[in-house]
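First up is the structure itself, then whatever we jot down about it.
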Amino acid sequence: MSITLSIPKTSLVVLCGSAGCGKSTFAARWFKDTQIVSSDHCRALVSDEEENMAASPQAFKVFHCLIEQRLTLGRLTVADSTALTVRARKDLLKQARRHDFQTILIVFNFPEELCQRLNARRTRVVESRVITEHQRLLRETLNTVHREGFDRVYILAPEEIRNVRVEIVPLPVESPATGPFDLIGDVHGCLVELEELLTRLGYSRRGGTWFHPENRKVIFLGDLGDRGPFNIASINLAMDMVEAGHAMYVPGNHCRKLARFLSGHRVQVRHGLERTIRELEQLSSSERDNFSRRFLQFFHQAVPYLILDGGRLVAVHGGIKEKMIGRLSPRIRDFCLYGDATGEVTPEGLPVRRDWAREYRGQALVVYGHTPVPLPVFRNNTIDIDQGCVMGGKLTALRYPEREIVQVPARQVYYSPVKSIAGRVALK
């Protein structure tokens with residue numbers, strides 16, 4: 001039975017295992033020579049001899065330096081060393097995180113007898129006591145690796161190696177969809193305005209959901225519920241469209257908060273979440289359970305941002321810097337949800353954010369929401385289409401690739417912010 005190891009193209013792949021287990025042979029089979037950074041080769045570079053263990057401190061400086069330069073350039077990199085200590089893996093993990101790379105750990109779970117036998121056949125034979133020590137470290141490794149923070153961990157037994165296939169894949173944020181699209185800003189439970197906007201955009205109901213006769217797709221930019229009058233219904237409408245293939249979705253910070261609440265985490269029930277919870281409490285227990293299961297699956301399957309139309313368009317909730325596009329990490333996920341928060345708060349208790357769009361110079365058009373502004377204005381190839389409908393503003397759509405703005409006014413003020421929408425409110 002074939003085993004496929006899916007490796008996103010912006011990844012640091014860490015090979016982990018005892019000497020003699022065939023890590024280097026595996027790497028040479030599945031990766032380009034230029035993609036592999038080998039600690040043995042670095043030892044030879046600094047001392048002319050791979051087996052010169054006294055040169056290891058200098059060799060590992062070169063090892064990490066080469067990895068650093070490749071990650072800086074956004075190149076897939078394979079770290080070929082034993083990586084059998086928590087410290088060694090942690091250092092590589094921190095290096096990858098600093099560059100917002102995915103981290104893939106491949107552990108070669110080979111028994112000592114086999115490693116000793118394979119080692120005896122090598123040109124450079126390692127002392128048997130070294131392999132015995134490696135095996136002790138391997139046993140410790142197997143107990144901790146799933147808690148160390150790697151994005152994916154593959155543990156391979158000897159009988160599986162022949163059936164392994166490595167596949168370099170796009171990041172999950174990279175979509176083959178090319179459009180045309182209708183990107184819609186923060187809905188926040190404004191169901192009536194959302195249905196009016198969809199109608200203006202040419203969508204109609206069919207089979208219990210909305211569709212476009214010319215196969216246009218909606219892209220919801222997160223924050224579907226909270227604050228408005230019909231939060232659950234708005235979320236259901238979006239989920240129906242996505243499941244039917246008529247829409248796509250990136251999550252917002254309010255979506256994340258609802259998901260945490262439904263998962264049983266302690267959250268602060270304010271800033272509109274209390275209204276969504278009130279609607280949930282009005283459902284029957286079975287309806288509430290069904291909604292919870294469905295939304296949690298919907299949220300956890302979503303990616304923090306979408307690269308569309310061959311890289312010409314990026315859809316995101318809170319924002320994204322140019323150097324983040326095409327990469328994925330916990331830091332980027334947070335940035336996509338919350339924007340460039342400084343960690344400070346205003347006297348009103350609101351987060352202070354830097355204006356990331358002012359510095360943006362990327363070729364991709366970034367369409368986002370999150371921070372309500374009075375008008376949707378193209379600036380440095382970005383546009384904020386959250387015009388604060390729930391606060392009495394407008395619900396906005398951007399037609400792409402036409403770059404046309406379509407809006408409907410709010411029927412009323414559903415949620416009163418600290419400041420008026422005309423004052424560029426940022427209540428999130």
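In the structure tokens, each chain is lettered A, B, ... as it comes, each chain's residues begin at 1, and ligands are numbered from 1 in order of appearance.
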From a DSSP calculation on the backbone, collect every residue of segment 167-204 of chain A in alpha helix (DSSP H) and output the set as a VMD selection string. chain A and resid 191 to 200
Thr382 of chain A environment, 10 Å, only C-alpha atoms, sequence neighbours closer than 6 positions dropped, as a ChimeraX atom specification: /A:313-314,319-320,357-358,360-368,376
At a cut-off of 12 Å, using only C-alpha atoms, what residues contact Phe299 of chain A? Leave out same-chain residues fewer than 3 positions from it and give the result as a ChimeraX atom specification. /A:222-224,235,238-239,242,248-260,262-263,291-296,302-304
Could you give me the residues within segment 282-397 of chain A that DSSP places in strand (DSSP E), as a ChimeraX atom specification? /A:305-308,313-316,341-345,351-353,365-368,382-384,386-387,394-397
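Straight-line separation from atom CA of Ala315 of chain A to atom CA of Ile219 of chain A: 7.7 Å.
Among A:Leu398, A:Val166, A:Cys115, A:Ala244, the residue with the shortest atom-to-atom distance to Trp30 of chain A, counting only C-alpha atoms, is A:Val166.
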Taking 6 positions as the minimum chain separation for residues in the same chain, which residues sit within 8 Å of segment 64-78 of chain A when counting only C-alpha atoms? Answer as number ranges by chain. A: 9-15, 27, 31, 35-37, 95-96, 99, 101
Which polymer residues have any atom within 12 Å of an atom of Tyr203 of chain A, counting only C-alpha atoms, with same-chain residues fewer than 2 positions away left out, as a PyMOL selection string? chain A and resi 181-182+194-201+205-206+209-218+241+246-247
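Comparing the minimum interatomic distances between Arg43 of chain A and each of A:Val62, A:Leu92, A:Ala341, A:Ala28, counting only C-alpha atoms, we find that A:Val62 sits nearest.
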Hey, what's within 10 Å of Glu174 of chain A if we count only C-alpha atoms and toss same-chain stuff fewer than 3 positions away? As a PyMOL selection string, please? chain A and resi 169-171+177+303+305-311+314+325-327
Export of the given selection (N, CA, C and O atoms) as a PDB file, in the first residue's frame:
ATOM      1  N   VAL A 169       3.517  19.737  -2.825  1.00  0.00           N
ATOM      2  CA  VAL A 169       2.171  20.232  -3.099  1.00  0.00           C
ATOM      3  C   VAL A 169       2.099  21.732  -2.824  1.00  0.00           C
ATOM      4  O   VAL A 169       2.917  22.291  -2.083  1.00  0.00           O
ATOM      5  N   PRO A 170       1.112  22.404  -3.424  1.00  0.00           N
ATOM      6  CA  PRO A 170       0.904  23.820  -3.099  1.00  0.00           C
ATOM      7  C   PRO A 170       0.453  23.954  -1.648  1.00  0.00           C
ATOM      8  O   PRO A 170      -0.045  23.007  -1.038  1.00  0.00           O
ATOM      9  N   LEU A 171       0.614  25.137  -1.100  1.00  0.00           N
ATOM     10  CA  LEU A 171       0.053  25.410   0.216  1.00  0.00           C
ATOM     11  C   LEU A 171      -1.466  25.367   0.125  1.00  0.00           C
ATOM     12  O   LEU A 171      -2.037  25.669  -0.925  1.00  0.00           O
ATOM     13  N   ALA A 177      -8.798  28.373  -8.396  1.00  0.00           N
ATOM     14  CA  ALA A 177      -9.931  29.154  -8.909  1.00  0.00           C
ATOM     15  C   ALA A 177      -9.453  30.481  -9.492  1.00  0.00           C
ATOM     16  O   ALA A 177      -8.592  31.155  -8.924  1.00  0.00           O
ATOM     17  N   VAL A 303      -8.975  28.093   5.360  1.00  0.00           N
ATOM     18  CA  VAL A 303      -7.586  28.556   5.422  1.00  0.00           C
ATOM     19  C   VAL A 303      -7.579  30.039   5.769  1.00  0.00           C
ATOM     20  O   VAL A 303      -8.560  30.748   5.536  1.00  0.00           O
ATOM     21  N   TYR A 305      -6.107  32.631   4.549  1.00  0.00           N
ATOM     22  CA  TYR A 305      -6.229  33.537   3.403  1.00  0.00           C
ATOM     23  C   TYR A 305      -6.225  32.705   2.140  1.00  0.00           C
ATOM     24  O   TYR A 305      -5.868  31.522   2.164  1.00  0.00           O
ATOM     25  N   LEU A 306      -6.658  33.303   1.057  1.00  0.00           N
ATOM     26  CA  LEU A 306      -6.738  32.595  -0.220  1.00  0.00           C
ATOM     27  C   LEU A 306      -5.930  33.340  -1.279  1.00  0.00           C
ATOM     28  O   LEU A 306      -6.068  34.559  -1.449  1.00  0.00           O
ATOM     29  N   ILE A 307      -5.101  32.592  -2.001  1.00  0.00           N
ATOM     30  CA  ILE A 307      -4.416  33.112  -3.185  1.00  0.00           C
ATOM     31  C   ILE A 307      -5.197  32.619  -4.395  1.00  0.00           C
ATOM     32  O   ILE A 307      -5.357  31.416  -4.588  1.00  0.00           O
ATOM     33  N   LEU A 308      -5.684  33.534  -5.197  1.00  0.00           N
ATOM     34  CA  LEU A 308      -6.594  33.206  -6.294  1.00  0.00           C
ATOM     35  C   LEU A 308      -6.101  33.801  -7.606  1.00  0.00           C
ATOM     36  O   LEU A 308      -5.216  34.663  -7.629  1.00  0.00           O
ATOM     37  N   ASP A 309      -6.705  33.319  -8.686  1.00  0.00           N
ATOM     38  CA  ASP A 309      -6.430  33.851 -10.028  1.00  0.00           C
ATOM     39  C   ASP A 309      -4.932  33.886 -10.325  1.00  0.00           C
ATOM     40  O   ASP A 309      -4.390  34.898 -10.767  1.00  0.00           O
ATOM     41  N   GLY A 310      -4.272  32.771 -10.064  1.00  0.00           N
ATOM     42  CA  GLY A 310      -2.849  32.670 -10.395  1.00  0.00           C
ATOM     43  C   GLY A 310      -1.966  33.625  -9.626  1.00  0.00           C
ATOM     44  O   GLY A 310      -0.893  34.014 -10.110  1.00  0.00           O
ATOM     45  N   GLY A 311      -2.401  34.007  -8.429  1.00  0.00           N
ATOM     46  CA  GLY A 311      -1.589  34.907  -7.609  1.00  0.00           C
ATOM     47  C   GLY A 311      -1.925  36.373  -7.787  1.00  0.00           C
ATOM     48  O   GLY A 311      -1.300  37.230  -7.154  1.00  0.00           O
ATOM     49  N   VAL A 314      -5.626  38.185  -3.570  1.00  0.00           N
ATOM     50  CA  VAL A 314      -5.555  37.584  -2.244  1.00  0.00           C
ATOM     51  C   VAL A 314      -6.769  38.049  -1.453  1.00  0.00           C
ATOM     52  O   VAL A 314      -7.043  39.254  -1.365  1.00  0.00           O
ATOM     53  N   ILE A 325       2.631  36.435   1.821  1.00  0.00           N
ATOM     54  CA  ILE A 325       1.851  35.760   0.783  1.00  0.00           C
ATOM     55  C   ILE A 325       2.661  34.591   0.220  1.00  0.00           C
ATOM     56  O   ILE A 325       3.816  34.736  -0.174  1.00  0.00           O
ATOM     57  N   GLY A 326       2.057  33.416   0.205  1.00  0.00           N
ATOM     58  CA  GLY A 326       2.754  32.213  -0.239  1.00  0.00           C
ATOM     59  C   GLY A 326       3.452  31.471   0.882  1.00  0.00           C
ATOM     60  O   GLY A 326       4.171  30.504   0.632  1.00  0.00           O
ATOM     61  N   ARG A 327       3.223  31.918   2.124  1.00  0.00           N
ATOM     62  CA  ARG A 327       3.777  31.236   3.281  1.00  0.00           C
ATOM     63  C   ARG A 327       2.649  31.012   4.292  1.00  0.00           C
ATOM     64  O   ARG A 327       1.574  31.612   4.187  1.00  0.00           O
TER      65      ARG A 327
END
How many Å separate atom CA of Val345 of chain A from atom CA of Thr396 of chain A? 27.8 Å
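Neighbours of Gly22 of chain A closer than or equal to 10 Å, with only C-alpha atoms counted and sequence neighbours fewer than 5 positions away skipped, come out as A:Gly17, A:Ala27, A:Ala28, A:Phe108, A:Phe110, A:Cys115, A:Leu118, A:Asn119, A:Pro158, A:Ile161.
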Would you mind exporting all heavy atoms of the selected residues as an mmCIF file, in the first residue's frame?
data_model
loop_
_atom_site.group_PDB
_atom_site.id
_atom_site.type_symbol
_atom_site.label_atom_id
_atom_site.label_comp_id
_atom_site.auth_asym_id
_atom_site.auth_seq_id
_atom_site.Cartn_x
_atom_site.Cartn_y
_atom_site.Cartn_z
ATOM 1 N N GLY A 17 16.510 10.546 12.792
ATOM 2 C CA GLY A 17 16.720 9.117 12.959
ATOM 3 C C GLY A 17 18.166 8.779 13.257
ATOM 4 O O GLY A 17 19.062 9.620 13.146
ATOM 5 N N ALA A 27 16.607 11.066 1.278
ATOM 6 C CA ALA A 27 16.615 12.453 0.821
ATOM 7 C C ALA A 27 17.070 12.553 -0.636
ATOM 8 O O ALA A 27 16.473 13.276 -1.434
ATOM 9 C CB ALA A 27 17.520 13.299 1.720
ATOM 10 N N ALA A 28 18.110 11.812 -0.976
ATOM 11 C CA ALA A 28 18.634 11.866 -2.344
ATOM 12 C C ALA A 28 17.633 11.316 -3.357
ATOM 13 O O ALA A 28 17.618 11.737 -4.522
ATOM 14 C CB ALA A 28 19.943 11.087 -2.422
ATOM 15 N N PHE A 108 12.504 8.307 11.196
ATOM 16 C CA PHE A 108 12.810 6.962 10.712
ATOM 17 C C PHE A 108 12.882 6.033 11.914
ATOM 18 O O PHE A 108 13.895 5.968 12.621
ATOM 19 C CB PHE A 108 14.133 6.970 9.931
ATOM 20 C CG PHE A 108 14.061 7.765 8.654
ATOM 21 C CD1 PHE A 108 14.074 9.152 8.679
ATOM 22 C CD2 PHE A 108 13.926 7.125 7.428
ATOM 23 C CE1 PHE A 108 13.990 9.887 7.513
ATOM 24 C CE2 PHE A 108 13.836 7.849 6.254
ATOM 25 C CZ PHE A 108 13.867 9.242 6.300
ATOM 26 N N PHE A 110 13.540 2.962 12.873
ATOM 27 C CA PHE A 110 14.201 1.708 12.522
ATOM 28 C C PHE A 110 14.789 1.071 13.770
ATOM 29 O O PHE A 110 15.379 1.758 14.600
ATOM 30 C CB PHE A 110 15.332 1.967 11.516
ATOM 31 C CG PHE A 110 14.869 2.207 10.102
ATOM 32 C CD1 PHE A 110 13.650 2.829 9.841
ATOM 33 C CD2 PHE A 110 15.651 1.833 9.034
ATOM 34 C CE1 PHE A 110 13.226 3.062 8.541
ATOM 35 C CE2 PHE A 110 15.245 2.050 7.737
ATOM 36 C CZ PHE A 110 14.020 2.679 7.489
ATOM 37 N N CYS A 115 19.735 -0.935 11.958
ATOM 38 C CA CYS A 115 20.641 0.199 11.784
ATOM 39 C C CYS A 115 22.101 -0.245 11.881
ATOM 40 O O CYS A 115 22.959 0.229 11.115
ATOM 41 C CB CYS A 115 20.352 1.280 12.823
ATOM 42 S SG CYS A 115 18.783 2.133 12.586
ATOM 43 N N LEU A 118 22.892 -2.038 8.567
ATOM 44 C CA LEU A 118 23.034 -1.092 7.455
ATOM 45 C C LEU A 118 24.285 -0.249 7.624
ATOM 46 O O LEU A 118 24.978 0.073 6.644
ATOM 47 C CB LEU A 118 21.796 -0.190 7.381
ATOM 48 C CG LEU A 118 20.489 -0.871 6.996
ATOM 49 C CD1 LEU A 118 19.313 0.097 7.137
ATOM 50 C CD2 LEU A 118 20.573 -1.403 5.556
ATOM 51 N N ASN A 119 24.603 0.094 8.858
ATOM 52 C CA ASN A 119 25.794 0.885 9.130
ATOM 53 C C ASN A 119 27.058 0.139 8.712
ATOM 54 O O ASN A 119 28.003 0.734 8.181
ATOM 55 C CB ASN A 119 25.853 1.219 10.622
ATOM 56 C CG ASN A 119 27.125 1.942 11.012
ATOM 57 O OD1 ASN A 119 27.456 2.992 10.475
ATOM 58 N ND2 ASN A 119 27.854 1.381 11.971
ATOM 59 N N PRO A 158 10.638 0.500 8.759
ATOM 60 C CA PRO A 158 11.431 -0.022 7.633
ATOM 61 C C PRO A 158 10.578 -0.614 6.519
ATOM 62 O O PRO A 158 10.867 -0.411 5.326
ATOM 63 C CB PRO A 158 12.308 -1.086 8.294
ATOM 64 C CG PRO A 158 12.390 -0.690 9.721
ATOM 65 C CD PRO A 158 11.100 -0.041 10.052
ATOM 66 N N ILE A 161 9.152 2.062 3.903
ATOM 67 C CA ILE A 161 9.994 2.919 3.081
ATOM 68 C C ILE A 161 9.818 2.653 1.586
ATOM 69 O O ILE A 161 9.757 3.579 0.771
ATOM 70 C CB ILE A 161 11.481 2.763 3.479
ATOM 71 C CG1 ILE A 161 11.712 3.386 4.858
ATOM 72 C CG2 ILE A 161 12.400 3.406 2.456
ATOM 73 C CD1 ILE A 161 11.509 4.879 4.920
#
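Distances here use only C-alpha atoms; by that measure, the residue among A:Ser18, A:Thr82, A:Thr34, A:Thr178 closest to Leu114 of chain A is A:Ser18.
Checking A:Asp386, A:Glu49, A:Glu113, A:Glu287 one by one against Val316 of chain A, counting only C-alpha atoms, you find the shortest gap at A:Asp386.
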Pro401 of chain A proximity check over A:Gly179, A:Asp334, A:Val267, A:Glu243, using only C-alpha atoms: winner is A:Gly179
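Of the residues under consideration (A:Ile3, A:Ile184, A:Leu328, A:Val173), A:Ile3 shows the shortest atom-to-atom contact distance to Leu156 of chain A when counting only C-alpha atoms.
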Atomic separation - atom CA of Ala410 of chain A relative to atom CA of Phe378 of chain A, Å: 22.4 Å
